[in-house]
Amino acid sequence: MSRIPVGVLGATGIVGQRFVQLLAEHPWFEVTAVAASDASVGRSYIEACHWLLPTPMPEPARDLTVHPVEQMLDCPLLFSALPSDVAGPVEEDLADSGAVVCTNASAHRLDPDVPLLIPEINSNHTVLLDAQRQRRSGRGFIVASANCSATQLAVALKPLHDVFGLLKVSVVTMQAVSGAGYPGVPSLDILDNVLPFIPGEEDKLESEPRKLLGAPGHGRIEDAPFEISAQCNRVPVRDGHTECVSVELEDKATAEEVIAALRSFEASLEVASLPGSPPRPVLVSDEDDRPQPIRDRDTEAGMCVTVGRVRPCPLLDFKFVVLGHNTLRGAAGGSIHNAELLVAQGHLPDLEASL
Ligand SMILES: NC(=O)c1ccc[n+]([C@@H]2O[C@H](COP(=O)([O-])OP(=O)(O)OC[C@H]3O[C@@H](n4cnc5c(N)ncnc54)[C@H](OP(=O)(O)O)[C@@H]3O)[C@@H](O)[C@H]2O)c1
């Protein structure tokens with residue numbers, strides 16, 4: 001069976017490398033082109049890329065020549081791991097020229113006609129694509145993945161919002177260094193230390209989950225009405241973001257009912273059958289000292305969110321700990337999952353013919 005040819009923008013960075021790693025084994029997509037900055041253009045991928053992952057660089061990627069992003073139009077499906085300031089205009093131009101762009105960058109996440117997608121929680125948000133295609137007068141469009149911390153938070157909040165209604169959310173994050181890209185935070189700033197500020201992160205965490213859990217209406221997504229207060233910290237962990245979350249619920253519940261809601265949360269049949277879907281989006285741990293990044297981030301190939309320590313909160317109603325893998329569920333894995341959903345929903349008719 002042939003696979004759909006795809007390109008990766010920002011392929012030499014941390015998230016770009018995850019794309020190359022995951023797509024090497026993907027049943028539907030195959031990386032045929034890579035792009036990065038002027039510093040990498042014209043070199044082979046193996047020369048240009050400081051490979052950071054524990055598995056070897058996939059053989060077929062090694063000899064690909066790194067292109068400038070503007071030359072990626074031969075790939076009708078693109079995965080973007082560009083820095084946000086670069087991604088804004090580049091992704092816009094590529095989509096206007098007919099490409100489908102699945103992006104990890106923040107530039108277009110809150111655009112009214114851009115779906116901010118997590119297949120298990122809002123696969124109906126692709127309804128926005130009709131309006132976006134019309135605006136561009138063509139077949140191209142952008143679909144965004146959420147910020148890594150917002151992704152795992154929204155997955156954990158979804159069952160609680162559906163079953164009890166959310167009124168208030170307080171979240172304090174402990175975010176891994178790989179979330180800052182490569183080379184990222186200097187070692188002397190992060191070793192033996194905690195940085196209590198990540199530029200732009202708290203705004204993203206206070207806005208994106210409300211769009212993710214919002215409802216389609218009038219050509220845009222109406223944000224979910226609950227409030228979020230976020231405090232974000234960078235900690236000396238390699239991969240995996242940990243979040244301490246407290247919630248106030250609209251309908252009163254017991255801890256057992258909250259745990260049952262989290263445990264019984266399932267993807268729709270359409271989403272559950274996608275290659276990248278974990279068996280369950282949320283795994284609830286009963287152990288007192290879990291989740292932990294080093295022990296839980298790779299569960300279900302890094303695509304499941306682990307929740308633990310669910311207990312009553314004396315200020316709000318309940319508190320718990322959420323852990324997710326920032327470059328898998330929170331970045332490349334999530335974007336590939338979004339592209340799978342687009343195929344399953346028939347949004348890529350020309351490309352599906354090659355499957
Ligand atoms: N890291 C995470 O956990 C995470 C999670 C969710 C979302 N994101 C988002 O994903 C994106 C990538 O993050 P990252 O952590 O992978 O960053 P990164 O390690 O710094 O990688 C950046 C990539 O973009 C390329 N690039 C930089 N400037 C460019 C330009 N002017 N033109 C073309 N390419 C350019 C770099 O190429 P060179 O190697 O040639 O410089 C590199 O391939 C960002 O928007 C980030 O916010 C990251």
# chains A, B, ... in the order shown; residues from 1 in each chain; ligands from 1
>>> residues_around(residues="Thr173 in chain A", least_positions_apart="6", cutoff="7 Å", atoms="only C-alpha atoms", output="PyMOL selection string")
chain A and resi 231-233+242-244
>>> closest_atom_pairs(of="range 326-348 of chain A", to="range 87-105 of chain A", cutoff="10 Å", atoms="only C-alpha atoms", output="Markdown table")
| residue | atom | partner | partner_atom | distance |
| --- | --- | --- | --- | --- |
| A:Thr327 | CA | A:Asn104 | CA | 9.9 |
| A:Gly330 | CA | A:Asn104 | CA | 8.7 |
| A:Ala331 | CA | A:Asn104 | CA | 5.9 |
| A:Ala332 | CA | A:Asn104 | CA | 7.4 |
| A:Gly334 | CA | A:Asn104 | CA | 8.6 |
| A:Ser335 | CA | A:Cys102 | CA | 6.0 |
| A:Ile336 | CA | A:Cys102 | CA | 7.8 |
| A:His337 | CA | A:Cys102 | CA | 9.8 |
| A:Asn338 | CA | A:Cys102 | CA | 7.3 |
| A:Ala339 | CA | A:Cys102 | CA | 6.8 |
| A:Leu342 | CA | A:Cys102 | CA | 9.9 |
| A:His347 | CA | A:Val100 | CA | 9.6 |
| A:Leu348 | CA | A:Val100 | CA | 8.4 |
>>> closest_residue(among="A:Val321, A:Val271, A:Val169, A:Leu328", to="ligand 1", atoms="only C-alpha atoms and all ligand atoms")
A:Leu328
>>> closest_residue(among="A:Thr126, A:Ser2, A:Ser246, A:Ser84", to="ligand 1", atoms="only C-alpha atoms and all ligand atoms")
A:Ser84
>>> select_by_dssp(residues="range 300-350 of chain A", states="helix (DSSP H, G or I)", output="PyMOL selection string")
chain A and resi 300-302+328-344+349-350
>>> select_by_dssp(residues="range 102-315 of chain A", states="strand (DSSP E or B)", output="ChimeraX atom specification")
/A:102-103,116,141-144,166-175,195,215-217,220-222,227-234,241-249,282-284,305-312
>>> closest_residue(among="A:Leu82, A:Val6, A:Leu73, A:Leu128", to="ligand 1", atoms="only C-alpha atoms and all ligand atoms")
A:Leu82
>>> residues_around(residues="Thr306 in chain A", least_positions_apart="2", cutoff="12 Å", atoms="only C-alpha atoms", output="PyMOL selection string")
chain A and resi 152-153+155-156+240-243+262-263+278+280-287+290-293+295-300+302-304+308-310+320-325+329
>>> closest_residue(among="A:Ile198, A:Val114, A:Val66, A:Leu316", to="Ala146 in chain A", atoms="only C-alpha atoms")
A:Val114
>>> atom_distance(atom1="atom 40 (O, counted along the ligand's line) of ligand 1", atom2="CA of Asp85 in chain A")
14.6 Å
>>> closest_residue(among="A:His26, A:Arg234, A:Lys158, A:Arg135", to="ligand 1", atoms="only C-alpha atoms and all ligand atoms")
A:Arg234
>>> closest_residue(among="A:Pro83, A:Pro112, A:Pro76, A:Gly179", to="Arg220 in chain A", atoms="only C-alpha atoms")
A:Pro112
>>> residues_around(residues="Leu117 in chain A", least_positions_apart="6", cutoff="7 Å", atoms="only C-alpha atoms", output="mmCIF file with N, CA, C and O atoms, in the first residue's frame")
data_model
loop_
_atom_site.group_PDB
_atom_site.id
_atom_site.type_symbol
_atom_site.label_atom_id
_atom_site.label_comp_id
_atom_site.auth_asym_id
_atom_site.auth_seq_id
_atom_site.Cartn_x
_atom_site.Cartn_y
_atom_site.Cartn_z
ATOM 1 N N SER A 123 -13.411 16.577 17.794
ATOM 2 C CA SER A 123 -13.283 16.254 16.366
ATOM 3 C C SER A 123 -14.325 17.003 15.525
ATOM 4 O O SER A 123 -14.146 17.163 14.320
ATOM 5 N N HIS A 125 -14.814 20.130 15.621
ATOM 6 C CA HIS A 125 -14.335 21.482 15.317
ATOM 7 C C HIS A 125 -13.827 21.608 13.877
ATOM 8 O O HIS A 125 -13.599 22.722 13.395
ATOM 9 N N ALA A 144 -4.516 23.453 13.720
ATOM 10 C CA ALA A 144 -3.490 23.639 14.749
ATOM 11 C C ALA A 144 -3.606 22.625 15.878
ATOM 12 O O ALA A 144 -4.718 22.205 16.234
ATOM 13 N N SER A 145 -2.444 22.266 16.425
ATOM 14 C CA SER A 145 -2.395 21.542 17.703
ATOM 15 C C SER A 145 -2.243 22.586 18.795
ATOM 16 O O SER A 145 -1.660 23.642 18.568
ATOM 17 N N LEU A 212 -10.512 24.773 23.025
ATOM 18 C CA LEU A 212 -10.527 23.312 22.808
ATOM 19 C C LEU A 212 -11.831 22.680 23.289
ATOM 20 O O LEU A 212 -12.364 21.760 22.670
ATOM 21 N N ASN A 338 -4.046 14.588 14.366
ATOM 22 C CA ASN A 338 -4.983 15.511 13.700
ATOM 23 C C ASN A 338 -5.075 15.201 12.205
ATOM 24 O O ASN A 338 -6.175 15.212 11.624
#
>>> atom_distance(atom1="CA of Pro225 in chain A", atom2="CA of Arg210 in chain A")
7.1 Å
>>> decode(residues="range 72-86 of chain A", atoms="N, CA, C and O atoms", output="compact mmCIF listing (two decimals), in the first residue's frame")
# COMPACT_ATOMS: atom_id res chain seq x y z
N MET A 72 8.29 24.24 -0.29
CA MET A 72 7.67 22.98 0.16
C MET A 72 6.32 22.72 -0.50
O MET A 72 5.57 21.84 -0.08
N LEU A 73 6.01 23.50 -1.53
CA LEU A 73 4.66 23.38 -2.10
C LEU A 73 4.42 22.08 -2.85
O LEU A 73 3.27 21.74 -3.13
N ASP A 74 5.49 21.37 -3.17
CA ASP A 74 5.27 20.09 -3.86
C ASP A 74 4.62 19.08 -2.93
O ASP A 74 4.13 18.04 -3.37
N CYS A 75 4.65 19.38 -1.61
CA CYS A 75 4.02 18.48 -0.62
C CYS A 75 2.64 19.03 -0.27
O CYS A 75 2.56 20.06 0.40
N PRO A 76 1.61 18.38 -0.67
CA PRO A 76 0.28 18.92 -0.37
C PRO A 76 -0.10 18.80 1.11
O PRO A 76 -1.02 19.47 1.56
N LEU A 77 0.60 17.96 1.89
CA LEU A 77 0.34 17.87 3.34
C LEU A 77 1.65 18.16 4.08
O LEU A 77 2.66 17.49 3.86
N LEU A 78 1.59 19.18 4.94
CA LEU A 78 2.79 19.62 5.65
C LEU A 78 2.57 19.58 7.15
O LEU A 78 1.50 19.97 7.63
N PHE A 79 3.59 19.12 7.88
CA PHE A 79 3.58 19.22 9.34
C PHE A 79 4.56 20.33 9.71
O PHE A 79 5.71 20.31 9.26
N SER A 80 4.09 21.27 10.53
CA SER A 80 4.94 22.42 10.86
C SER A 80 5.41 22.39 12.30
O SER A 80 4.61 22.32 13.23
N ALA A 81 6.75 22.49 12.46
CA ALA A 81 7.38 22.63 13.78
C ALA A 81 8.27 23.86 13.73
O ALA A 81 9.41 23.83 14.19
N LEU A 82 7.74 24.94 13.14
CA LEU A 82 8.50 26.18 13.03
C LEU A 82 8.31 27.02 14.28
O LEU A 82 7.26 26.94 14.93
N PRO A 83 9.28 27.89 14.61
CA PRO A 83 9.05 28.87 15.68
C PRO A 83 7.84 29.72 15.28
O PRO A 83 7.62 29.99 14.09
N SER A 84 7.10 30.17 16.28
CA SER A 84 5.82 30.82 15.97
C SER A 84 5.94 32.06 15.10
O SER A 84 5.12 32.29 14.22
N ASP A 85 6.99 32.88 15.36
CA ASP A 85 7.10 34.12 14.57
C ASP A 85 7.35 33.81 13.10
O ASP A 85 6.86 34.51 12.21
N VAL A 86 8.08 32.74 12.83
CA VAL A 86 8.32 32.33 11.44
C VAL A 86 7.05 31.68 10.87
O VAL A 86 6.65 31.92 9.73
